[in-house]
Amino acid sequence: MSDEKKRLALIGFGAMARSLQASFQKSGGEFALAATLVPPDLAPAPHELGGVRLFTNVADLIAWRPSLVIECASHEAVRDFVPTLLRNGLHTIIVSVGSLGDKTLFQSLKAAATEGRSRLTAVSGAIGGLDVLRSARSAGLSSVAYTGMKPPNAWLGTPAADAMDLAALEEPTVIFKGNAEQAALLYPKNANVTAAVALAGNGFEATEVILIADPALTRNCHRVDAKGAFGSFSIELQNEPLPDNPKTSWLAALSIEEAIFRHFRSVDV
């Protein structure tokens with residue numbers, strides 16, 4: 001792989017970005033993170049970057065011409081930076097898939113990618129079975145439901161924490177029931193997987209979502225149930241949380257690596 005293909009740039013430098021950096025460093029393989037884009041008020045100290053070049057202005061990152069940009073920051077980062085990157089011909093992978101629940105933003109991203117002849121890729125995140133949903137969608141899906149179950153502390157900083165005492169829960173408690181569009185807006189940092197399911201299947205408005213805080217859990221659990229002309233399927237994953245961020249499944253971070261590998265792969269199998 002050429003040096004140019006190693007010009008990988010991040011948006012954000014939080015727990016998921018650091019996990020990706022550590023994984024590449026440990027593997028000692030053909031990929032390395034070379035740069036990150038972080039707003040000035042959130043910029044990490046130089047010693048925290050581990051040799052990664054810091055940009056605080058999107059125009060400077062564009063001028064640097066990375067081969068691939070990976071967003072792992074927030075919905076706001078997708079809105080503020082990704083359309084500009086796509087219009088300037090930079091292929092971009094996004095982790096904050098829940099941002100695509102904003103119809104106006106989604107249309108803006110598609111238009112920007114067309115204008116810049118670039119590609120936007122949304123990672124699968126912490127869930128599986130999306131290939132089945134995509135395949136079955138053309139024949140018709142009668143129902144798609146996603147259930148997300150996490151320990152109470154994983155829901156801190158969300159509307160659930162305002163509505164109840166999460167630390168006092170003694171049994172599984174439904175903290176949200178609605179559709180994927182509502183979940184993506186109310187739980188942007190915890191419900192990106194709902195957006196991935198919605199995009200692969202019936203869309204945001206027609207995808208049922210239930211979110212549960214369960215004090216008996218030590219892992220993040222995700223389940224998808226779907227029915228349609230193809231038949232039916234259920235898939236459930238029990239994921240270890242990312243060590244530095246209990247709100248995020250470790251598999252979500254691993255899905256970024258897979259998306260990067262597939263982007264540069266000559267044969268996609």
# chains A, B, ... in the order shown; residues from 1 in each chain; ligands from 1

call {"tool": "residues_around", "arguments": {"residues": "A:Thr173", "least_positions_apart": "2", "cutoff": "7 Å", "atoms": "only C-alpha atoms", "output": "ChimeraX atom specification"}}
result
/A:171,175,212-214

call {"tool": "write_last_selection", "arguments": {"atoms": "C-alpha atoms", "output": "compact mmCIF listing (two decimals), in the first residue's frame"}}
result
# COMPACT_ATOMS: atom_id res chain seq x y z
CA GLU A 171 -34.99 -4.15 37.19
CA ILE A 175 -36.40 4.47 28.88
CA ILE A 212 -33.80 -0.32 27.98
CA ALA A 213 -31.67 0.32 31.08
CA ASP A 214 -30.93 -3.00 32.76

call {"tool": "residues_around", "arguments": {"residues": "stretch 103-108 of chain A", "least_positions_apart": "5", "cutoff": "10 Å", "atoms": "only C-alpha atoms", "output": "ChimeraX atom specification"}}
result
/A:78-79,82-83,113-114,181,204

call {"tool": "closest_residue", "arguments": {"among": "A:Ala206, A:Thr158, A:Leu166, A:Ala252", "to": "A:Gly178", "atoms": "only C-alpha atoms"}}
result
A:Ala206

call {"tool": "select_by_dssp", "arguments": {"residues": "stretch 7-149 of chain A", "states": "helix (DSSP H, G or I)", "output": "ChimeraX atom specification"}}
result
/A:15-27,40-42,46-48,58-64,75-87,97-101,103-116,130-137

call {"tool": "select_by_dssp", "arguments": {"residues": "stretch 70-225 of chain A", "states": "strand (DSSP E)", "output": "PyMOL selection string"}}
result
chain A and resi 70-71+92-94+120-122+141-150+173-179+207-213+220-225

call {"tool": "residues_around", "arguments": {"residues": "A:Val209", "least_positions_apart": "3", "cutoff": "8 Å", "atoms": "only C-alpha atoms", "output": "NGL selection string"}}
result
:A and (145-148 or 176-180 or 183 or 194)

call {"tool": "residues_around", "arguments": {"residues": "A:Phe31", "least_positions_apart": "2", "cutoff": "8 Å", "atoms": "only C-alpha atoms", "output": "PyMOL selection string"}}
result
chain A and resi 6+8+24+28-29+33

call {"tool": "closest_atom_pairs", "arguments": {"of": "stretch 24-111 of chain A", "to": "stretch 115-130 of chain A", "cutoff": "9 Å", "atoms": "only C-alpha atoms", "output": "JSON lines"}}
result
{"residue": "A:Val82", "atom": "CA", "partner": "A:Leu120", "partner_atom": "CA", "distance": 8.9}
{"residue": "A:Leu85", "atom": "CA", "partner": "A:Gly116", "partner_atom": "CA", "distance": 8.5}
{"residue": "A:Leu86", "atom": "CA", "partner": "A:Gly116", "partner_atom": "CA", "distance": 5.7}
{"residue": "A:Arg87", "atom": "CA", "partner": "A:Gly116", "partner_atom": "CA", "distance": 4.1}
{"residue": "A:Asn88", "atom": "CA", "partner": "A:Gly116", "partner_atom": "CA", "distance": 5.4}
{"residue": "A:Gly89", "atom": "CA", "partner": "A:Gly116", "partner_atom": "CA", "distance": 4.4}
{"residue": "A:Leu90", "atom": "CA", "partner": "A:Ser118", "partner_atom": "CA", "distance": 5.8}
{"residue": "A:His91", "atom": "CA", "partner": "A:Arg119", "partner_atom": "CA", "distance": 4.8}
{"residue": "A:Thr92", "atom": "CA", "partner": "A:Leu120", "partner_atom": "CA", "distance": 5.1}
{"residue": "A:Ile93", "atom": "CA", "partner": "A:Thr121", "partner_atom": "CA", "distance": 4.6}
{"residue": "A:Ile94", "atom": "CA", "partner": "A:Ala122", "partner_atom": "CA", "distance": 5.1}
{"residue": "A:Val95", "atom": "CA", "partner": "A:Val123", "partner_atom": "CA", "distance": 5.8}
{"residue": "A:Ser96", "atom": "CA", "partner": "A:Ala122", "partner_atom": "CA", "distance": 8.1}
{"residue": "A:Val97", "atom": "CA", "partner": "A:Ala122", "partner_atom": "CA", "distance": 6.1}
{"residue": "A:Leu109", "atom": "CA", "partner": "A:Leu120", "partner_atom": "CA", "distance": 7.9}
{"residue": "A:Lys110", "atom": "CA", "partner": "A:Leu120", "partner_atom": "CA", "distance": 8.0}
{"residue": "A:Ala111", "atom": "CA", "partner": "A:Glu115", "partner_atom": "CA", "distance": 6.1}

call {"tool": "write_last_selection", "arguments": {"atoms": "all heavy atoms", "output": "compact mmCIF listing (two decimals), in the first residue's frame"}}
result
# COMPACT_ATOMS: atom_id res chain seq x y z
N VAL A 82 -18.62 17.58 7.31
CA VAL A 82 -18.65 16.54 6.28
C VAL A 82 -19.15 17.03 4.92
O VAL A 82 -18.57 16.66 3.89
CB VAL A 82 -19.44 15.31 6.78
CG1 VAL A 82 -19.57 14.26 5.67
CG2 VAL A 82 -18.74 14.70 7.99
N LEU A 85 -16.21 18.58 3.19
CA LEU A 85 -15.22 17.58 2.79
C LEU A 85 -15.67 16.86 1.53
O LEU A 85 -14.88 16.67 0.59
CB LEU A 85 -15.01 16.57 3.92
CG LEU A 85 -14.39 17.11 5.21
CD1 LEU A 85 -14.46 16.05 6.31
CD2 LEU A 85 -12.95 17.54 4.97
N LEU A 86 -16.93 16.46 1.49
CA LEU A 86 -17.44 15.72 0.33
C LEU A 86 -17.42 16.59 -0.93
O LEU A 86 -17.06 16.13 -2.01
CB LEU A 86 -18.86 15.23 0.61
CG LEU A 86 -18.99 14.15 1.70
CD1 LEU A 86 -20.47 13.91 2.01
CD2 LEU A 86 -18.32 12.86 1.28
N ARG A 87 -17.83 17.85 -0.79
CA ARG A 87 -17.83 18.75 -1.95
C ARG A 87 -16.43 18.96 -2.51
O ARG A 87 -16.26 19.23 -3.69
CB ARG A 87 -18.43 20.11 -1.57
CG ARG A 87 -19.93 20.17 -1.65
CD ARG A 87 -20.45 21.60 -1.62
NE ARG A 87 -20.08 22.29 -0.39
CZ ARG A 87 -20.81 22.27 0.73
NH1 ARG A 87 -21.93 21.58 0.76
NH2 ARG A 87 -20.40 22.91 1.80
N ASN A 88 -15.43 18.80 -1.65
CA ASN A 88 -14.05 18.97 -2.07
C ASN A 88 -13.39 17.64 -2.45
O ASN A 88 -12.17 17.55 -2.55
CB ASN A 88 -13.24 19.66 -0.98
CG ASN A 88 -13.48 21.15 -0.95
OD1 ASN A 88 -12.82 21.93 -1.65
ND2 ASN A 88 -14.46 21.58 -0.14
N GLY A 89 -14.21 16.63 -2.67
CA GLY A 89 -13.70 15.38 -3.21
C GLY A 89 -13.06 14.43 -2.23
O GLY A 89 -12.34 13.52 -2.64
N LEU A 90 -13.30 14.61 -0.93
CA LEU A 90 -12.69 13.75 0.07
C LEU A 90 -13.67 12.68 0.53
O LEU A 90 -14.73 12.98 1.07
CB LEU A 90 -12.24 14.58 1.28
CG LEU A 90 -11.12 15.61 1.00
CD1 LEU A 90 -10.76 16.35 2.27
CD2 LEU A 90 -9.88 14.92 0.43
N HIS A 91 -13.31 11.42 0.28
CA HIS A 91 -14.12 10.31 0.75
C HIS A 91 -14.18 10.34 2.28
O HIS A 91 -13.15 10.58 2.94
CB HIS A 91 -13.53 8.99 0.29
CG HIS A 91 -13.36 8.88 -1.19
ND1 HIS A 91 -14.42 9.05 -2.07
CD2 HIS A 91 -12.28 8.61 -1.96
CE1 HIS A 91 -13.99 8.89 -3.31
NE2 HIS A 91 -12.69 8.63 -3.27
N THR A 92 -15.37 10.09 2.82
CA THR A 92 -15.55 10.22 4.27
C THR A 92 -16.37 9.07 4.83
O THR A 92 -17.40 8.69 4.26
CB THR A 92 -16.25 11.56 4.60
OG1 THR A 92 -15.51 12.64 4.03
CG2 THR A 92 -16.35 11.75 6.11
N ILE A 93 -15.90 8.53 5.94
CA ILE A 93 -16.63 7.52 6.71
C ILE A 93 -17.22 8.21 7.94
O ILE A 93 -16.51 8.96 8.62
CB ILE A 93 -15.71 6.38 7.15
CG1 ILE A 93 -15.24 5.57 5.94
CG2 ILE A 93 -16.39 5.47 8.16
CD1 ILE A 93 -14.16 4.55 6.26
N ILE A 94 -18.50 7.97 8.23
CA ILE A 94 -19.08 8.58 9.42
C ILE A 94 -19.50 7.52 10.42
O ILE A 94 -20.01 6.47 10.05
CB ILE A 94 -20.27 9.51 9.10
CG1 ILE A 94 -21.45 8.75 8.53
CG2 ILE A 94 -19.85 10.63 8.18
CD1 ILE A 94 -22.73 9.58 8.49
N VAL A 95 -19.25 7.81 11.69
CA VAL A 95 -19.65 6.95 12.80
C VAL A 95 -20.97 7.44 13.38
O VAL A 95 -21.80 6.65 13.82
CB VAL A 95 -18.56 6.94 13.88
CG1 VAL A 95 -19.02 6.17 15.11
CG2 VAL A 95 -17.28 6.33 13.32
N SER A 96 -21.17 8.75 13.37
CA SER A 96 -22.39 9.34 13.93
C SER A 96 -23.55 9.19 12.96
O SER A 96 -24.09 10.16 12.41
CB SER A 96 -22.15 10.82 14.27
OG SER A 96 -21.09 10.96 15.18
N VAL A 97 -23.94 7.94 12.74
CA VAL A 97 -24.95 7.61 11.73
C VAL A 97 -26.30 8.20 12.10
O VAL A 97 -27.12 8.49 11.23
CB VAL A 97 -25.05 6.08 11.56
CG1 VAL A 97 -25.99 5.73 10.41
CG2 VAL A 97 -23.67 5.48 11.30
N LEU A 109 -25.79 16.02 2.34
CA LEU A 109 -24.63 15.14 2.21
C LEU A 109 -24.64 14.43 0.85
O LEU A 109 -23.59 14.30 0.20
CB LEU A 109 -24.63 14.12 3.35
CG LEU A 109 -24.35 14.68 4.74
CD1 LEU A 109 -24.68 13.64 5.81
CD2 LEU A 109 -22.89 15.11 4.87
N LYS A 110 -25.79 13.97 0.44
CA LYS A 110 -25.88 13.28 -0.86
C LYS A 110 -25.55 14.23 -2.00
O LYS A 110 -24.83 13.86 -2.94
CB LYS A 110 -27.27 12.67 -1.04
CG LYS A 110 -27.53 11.49 -0.12
CD LYS A 110 -28.74 10.69 -0.55
CE LYS A 110 -30.03 11.39 -0.26
NZ LYS A 110 -31.21 10.52 -0.52
N ALA A 111 -26.04 15.47 -1.92
CA ALA A 111 -25.75 16.45 -2.95
C ALA A 111 -24.27 16.81 -2.97
O ALA A 111 -23.66 16.95 -4.04
CB ALA A 111 -26.59 17.71 -2.73

call {"tool": "residues_around", "arguments": {"residues": "A:Pro241", "least_positions_apart": "4", "cutoff": "8 Å", "atoms": "only C-alpha atoms", "output": "NGL selection string"}}
result
:A and (219-220 or 245-250)

call {"tool": "write_last_selection", "arguments": {"atoms": "N, CA, C and O atoms", "output": "CSV table (one decimal), in the first residue's frame"}}
result
chain,number,residue,atom,x,y,z
A,219,ARG,N,-22.8,-5.8,29.7
A,219,ARG,CA,-22.5,-5.6,28.3
A,219,ARG,C,-23.6,-4.8,27.7
A,219,ARG,O,-24.7,-4.7,28.2
A,220,ASN,N,-23.3,-4.2,26.5
A,220,ASN,CA,-24.3,-3.5,25.7
A,220,ASN,C,-25.0,-4.6,24.8
A,220,ASN,O,-24.2,-5.3,24.1
A,245,ASN,N,-15.3,4.3,27.2
A,245,ASN,CA,-16.6,5.0,27.0
A,245,ASN,C,-17.7,3.9,27.1
A,245,ASN,O,-18.0,3.2,26.1
A,246,PRO,N,-18.3,3.8,28.3
A,246,PRO,CA,-19.4,2.7,28.4
A,246,PRO,C,-20.6,2.9,27.5
A,246,PRO,O,-21.4,2.0,27.4
A,247,LYS,N,-20.8,4.1,27.0
A,247,LYS,CA,-21.9,4.4,26.1
A,247,LYS,C,-21.7,3.7,24.7
A,247,LYS,O,-22.7,3.6,23.9
A,248,THR,N,-20.5,3.3,24.4
A,248,THR,CA,-20.2,2.8,23.1
A,248,THR,C,-19.7,1.4,23.1
A,248,THR,O,-18.9,1.0,24.0
A,249,SER,N,-20.3,0.6,22.2
A,249,SER,CA,-19.9,-0.8,22.1
A,249,SER,C,-18.5,-0.9,21.4
A,249,SER,O,-18.2,-0.2,20.5
A,250,TRP,N,-17.7,-1.9,21.9
A,250,TRP,CA,-16.4,-2.1,21.3
A,250,TRP,C,-16.5,-2.4,19.9
A,250,TRP,O,-15.7,-2.0,19.0

call {"tool": "closest_residue", "arguments": {"among": "A:Ala184, A:Pro66, A:Ala35, A:Arg265", "to": "A:Thr207", "atoms": "only C-alpha atoms"}}
result
A:Ala184

call {"tool": "atom_distance", "arguments": {"atom1": "atom CA of A:Gly201", "atom2": "atom CA of A:Glu236"}}
result
16.6 Å

call {"tool": "closest_residue", "arguments": {"among": "A:Ala9, A:Ala112, A:Ala77, A:Gly101", "to": "A:Leu61", "atoms": "only C-alpha atoms"}}
result
A:Ala9

call {"tool": "closest_residue", "arguments": {"among": "A:Asp60, A:Val174, A:Gly51, A:Leu68", "to": "A:Arg262", "atoms": "only C-alpha atoms"}}
result
A:Leu68
